[in-house]
Amino acid sequence: MSGVDLSPRPMTFKTTSTTIDGTVAPLQFNHPILAAELSDALIDMRRTFALADGTAYHYRATIINLLHALTESCPRTASLASTDRGVVNALHEWESGLASAYPAESTMPYKCGRQARRLVRVHIASGRDINDDVERWANGPVLHQGGEDTPLDEFSNAERIAIRDACRTRIRELEARLTIGKRMLEAGHDPRTAGWHSAANIVWGIHHLGRTHGTTVEREAMNACDRGDLNEMSADFATERPTTYGGSGRVVRRLMSYLYPSSADLVAFRTLLQLETGAAPEEWSGVALGDIQDAGSGTLHVRLYKARAHRSRTVRCALSTPPGNGWKSGDLVQRLLAATATARMLADTNATASKDALFLSNFRTPSRMLEARAESFSKSFASLLAAIEPGISKPHDARRLRKTVKSVRAAVLRSADLAAGDDHSIAVYQRHYAQSTTVHVLAGAAVNAAQHQVFERLRGPLFVKAPAATIRGDDHAELAAAATAELGSTPTDRSMNVAHCTSPYDSPYGSAGRLCEHRPSMCFACPNAIVFTDHLPRILAYRDILRRHENEMTPTQFAATHGQQLRNIERIIDESPPAERERAQHGHELDADVHVPISQRGVHL
C-alpha cells in the first residue's frame, strides 16, 4: 500500500437543523484503498456536479454499505485497478446480496447499484487506473430493476380542510399558552434566591437556568407540581403524577410549552405556509431570518431555496389588512416569529449556530439541558396527521401538500402553465404533478368538453342510406336539393365530387366566401357533405387512392396525413346496406373515377 494516500477524506453535509460530519477514514475499513478511491470519486462528484448535500450523503451511505459488505475473499490491498477478478467478483456478490437486504418492493437495490457504478465511472473519468473487468461492470446495466415509484397523490379537499383546521387550532392553543408563559416570565425572579414555591419563579428558572442547571430545575419543577404550585397555570398539571417514572420530564416539557413552540407546533406553521404558497417542505424548512424582507404595501418577500435544484426564488407573502391574527402567508410568518421570540432570545444570548433559523425552538436534551436549535421535521408531520380524526389517508408525506396546492391551481386556473408556477417547468409539472386525482378528473372533463365542441362543429357528412332517386320533393329542402343535384350530375361532375356539398363557399376549413380547396380530402369530416349510396362507387375509388398513398409514405406520416380520412371512409362503407355495397363494388370496377387535385396527388397518380 506504499504510495497510496490513506488519510481521512473530510466531508460535511448540511441538513435543516444541523451539520453532519461525514469524514471517511479509509484505515477504519478492511479495504482501505477501495475506501480512499470511492471517497475521492464522491468528492470529485460533489465538486463537478454540484450535488445537493442530501444526494451526496446517500452516495456516502452506498460507499459505506459496499465497504462493510466486502468479503474476506477480496484482498485487503485490492483497488479498482487490481489486475485479478477479485474486486469485480466482490462487486457482483455485493450487488446480488442487496436483494435480500431490502423488501421486494424496495428500489434501494437498484439505487445502490446505480450509484456505485456512477462512482466508478467518475473514478475512470478522473484519469485514474481501472481494471478492465471493473470498467465493464460499471458500464453495464444495473442488476436489479428500479421499478416505477407510484406518484404521490394529493390530499382530498376534505382532508386539506381537516389538516388546515387542525393546524390552526394548534397554533391558537400555542399562542394562548405563550401569552401565559410570557406573563409568568416577566413576573418571575431567580428561584435560587426568591424560592421555588412560585409558578412564575419556576418558569423563570426553566428559561434562564435550563441550559446550565437542567437537573436542578427538573427536580424543583417536579416538587412544585407535586405541591400544586403550578395549578394556577393549568389544571392539567394536577394530572401529571410528577413523582412517578418519567413524571419530572413530563412536567418540564409541559412548562416548556408555555415558553417555546414544540416540534408539532412548528410543523403546524410549516404546513399552513405550504398550503398558502405551494412550496416544497424543504424550501420552508431552510428559511433563515435573512431571507425575510418587508417589501411594504402589506407584503413580505421570502427567499426560498431548493437544494437539489440549486436554485432560489422569492415568494410574496401577503399580510392581512388591518394586521392581526390572520391566516395569510405573511401573517403566518409574523406569528411564527412572535412564537419563537423567547427561544430566539435565548439562542442569541448563547450564540447558537442556528439562531437565525426561522423554525427555531428550545428542546430538552437527554442530559436534561435546554438546547436551542432549528427544527428537523423528521417525524413531526406524520405525528400531526396521525392525531386528526377521521384519519387522513396515507402516506403521511408533506410533499403531498404541494401536490394538493398544484391541483387546486390547475382546477382554478385551468392551465398547466399557470399551475406549474415559477418554481418548475411545465414538463416537471406534467411528470410529477399532473398525476393527481383532481388533474386526472379535470383532464377528462376537458377532453369531454373539447370533443363536444368538435362534434358540434364537425358533425361529419350526412349519410343517407338510400339512392338519391328515392328522395321525395317534400323532404328536407337541403336533402331534396342534394338529391336533385346528384340525379342531374354529369360524368365530369361525378368524377369531381365524392359527396354532395351544400355550401361550397362556406367551408369550415377555409375563409367564408371562398370556394373550398379541400375537396375531396376533408369531405368525410365536413358538416356540409351529404352522401347517398350513389356515391359509394366513387368512395371505393377514393379509398383505393388513399391505400396507394399508404405504400408511398411511412406509417407515421400516412396516419397523420390521411389516416382519419381512411377511417371515415371505412365507417361509411360499413354502414351501407350489403346490397348497395355489392352494387357499388360492381360500379367501381366498371367506370368509377375520382379526380384528385394536384396538391393531393402522390407519385402513383
# chains A, B, ... in the order shown; residues from 1 in each chain; ligands from 1
call {"tool": "residues_around", "arguments": {"residues": "A:Val87", "least_positions_apart": "3", "cutoff": "10 Å", "atoms": "only C-alpha atoms", "output": "compact mmCIF listing (two decimals) with C-alpha atoms, in the first residue's frame"}}
result
# COMPACT_ATOMS: atom_id res chain seq x y z
CA LEU A 34 -11.07 0.97 -2.16
CA LEU A 70 -16.96 -6.79 1.00
CA SER A 73 -12.15 -13.19 -0.39
CA CYS A 74 -11.33 -9.72 -1.68
CA PRO A 75 -7.70 -8.92 -0.66
CA ALA A 78 -7.43 -4.56 -3.52
CA SER A 79 -8.13 -1.47 -5.58
CA LEU A 80 -10.19 -0.62 -8.64
CA ALA A 81 -7.03 -1.10 -10.71
CA SER A 82 -6.17 -4.60 -9.38
CA THR A 83 -5.35 -6.99 -12.22
CA ASP A 84 -7.24 -10.01 -10.87
CA ALA A 90 -16.82 -8.82 -4.83
CA LEU A 91 -18.90 -6.13 -6.55
CA HIS A 92 -21.13 -8.76 -8.14
CA GLU A 93 -21.54 -10.53 -4.80
CA ASN A 131 -9.34 -2.88 -14.15
CA ASP A 133 -13.47 -6.14 -15.74
CA VAL A 134 -14.45 -3.46 -13.25
call {"tool": "residues_around", "arguments": {"residues": "stretch 521-533 of chain A", "least_positions_apart": "6", "cutoff": "9 Å", "atoms": "only C-alpha atoms", "output": "ChimeraX atom specification"}}
result
/A:457-468,479,482-483,486,498-504,506-509,562,564-565,568-569,572,576-577,580-581,584,596,600
call {"tool": "residues_around", "arguments": {"residues": "A:Met369", "least_positions_apart": "6", "cutoff": "12 Å", "atoms": "only C-alpha atoms", "output": "list in words"}}
result
Ile206, His207, His208, Leu209, Gly210, Arg211, Thr212, His213, Gly214, Thr215, Thr216, Val217, Glu218, Gly249, Val252, Arg253, Met256, Asn362 and Phe363 of chain A
call {"tool": "closest_residue", "arguments": {"among": "A:Val333, A:Ile20, A:Leu266, A:Val4", "to": "A:Thr299", "atoms": "only C-alpha atoms"}}
result
A:Val333
call {"tool": "closest_residue", "arguments": {"among": "A:Arg344, A:Arg114, A:Arg46, A:Arg514", "to": "A:Pro261", "atoms": "only C-alpha atoms"}}
result
A:Arg344
call {"tool": "atom_distance", "arguments": {"atom1": "atom CA of A:Ala347", "atom2": "atom CA of A:Thr314"}}
result
26.7 Å
call {"tool": "residues_around", "arguments": {"residues": "A:Glu375", "least_positions_apart": "5", "cutoff": "9 Å", "atoms": "only C-alpha atoms", "output": "PyMOL selection string"}}
result
chain A and resi 16-17+262-263+266-267+285+357+359-361
call {"tool": "write_last_selection", "arguments": {"atoms": "N, CA, C and O atoms", "output": "tab-separated table (two decimals), in the first residue's frame"}}
result
chain	number	residue	atom	x	y	z
A	16	THR	N	-31.33	20.52	7.60
A	16	THR	CA	-32.12	21.66	8.04
A	16	THR	C	-31.69	22.14	9.42
A	16	THR	O	-31.61	23.35	9.67
A	17	SER	N	-31.40	21.20	10.32
A	17	SER	CA	-31.17	21.57	11.71
A	17	SER	C	-29.73	21.44	12.17
A	17	SER	O	-29.38	21.94	13.24
A	262	SER	N	-43.34	23.62	20.31
A	262	SER	CA	-42.84	22.26	20.17
A	262	SER	C	-42.65	21.91	18.70
A	262	SER	O	-43.00	22.70	17.81
A	263	SER	N	-42.14	20.71	18.45
A	263	SER	CA	-41.99	20.26	17.06
A	263	SER	C	-43.33	20.22	16.35
A	263	SER	O	-43.45	20.59	15.18
A	266	LEU	N	-44.37	23.75	15.40
A	266	LEU	CA	-43.62	24.28	14.26
A	266	LEU	C	-44.06	23.66	12.95
A	266	LEU	O	-44.15	24.33	11.92
A	267	VAL	N	-44.36	22.36	12.98
A	267	VAL	CA	-44.80	21.72	11.74
A	267	VAL	C	-46.19	22.21	11.36
A	267	VAL	O	-46.55	22.23	10.17
A	285	SER	N	-38.46	24.75	5.29
A	285	SER	CA	-37.66	24.27	6.43
A	285	SER	C	-36.33	25.00	6.54
A	285	SER	O	-35.81	25.19	7.64
A	357	ALA	N	-32.33	30.61	12.20
A	357	ALA	CA	-33.34	29.77	11.54
A	357	ALA	C	-34.74	30.28	11.87
A	357	ALA	O	-35.02	30.69	12.99
A	359	PHE	N	-37.55	28.42	11.83
A	359	PHE	CA	-38.20	27.41	12.66
A	359	PHE	C	-37.24	27.02	13.79
A	359	PHE	O	-36.57	25.98	13.75
A	360	LEU	N	-37.18	27.86	14.79
A	360	LEU	CA	-36.24	27.70	15.91
A	360	LEU	C	-37.02	27.48	17.20
A	360	LEU	O	-38.09	28.06	17.40
A	361	SER	N	-36.48	26.64	18.07
A	361	SER	CA	-37.09	26.47	19.38
A	361	SER	C	-36.06	25.90	20.34
A	361	SER	O	-34.92	25.59	19.94
call {"tool": "closest_residue", "arguments": {"among": "A:Arg250, A:His123, A:His68, A:Arg316", "to": "A:Arg364", "atoms": "only C-alpha atoms"}}
result
A:Arg250
call {"tool": "residues_around", "arguments": {"residues": "A:Ser100", "least_positions_apart": "4", "cutoff": "10 Å", "atoms": "only C-alpha atoms", "output": "short mmCIF file (atom, residue, chain, number, x, y, z; two decimals) with C-alpha atoms, in the first residue's frame"}}
result
data_model
loop_
_atom_site.label_atom_id
_atom_site.label_comp_id
_atom_site.auth_asym_id
_atom_site.auth_seq_id
_atom_site.Cartn_x
_atom_site.Cartn_y
_atom_site.Cartn_z
CA SER A 96 -26.58 -9.67 -5.64
CA ALA A 104 -39.17 -6.93 -2.57
CA PRO A 109 -31.01 -2.32 -4.57
#
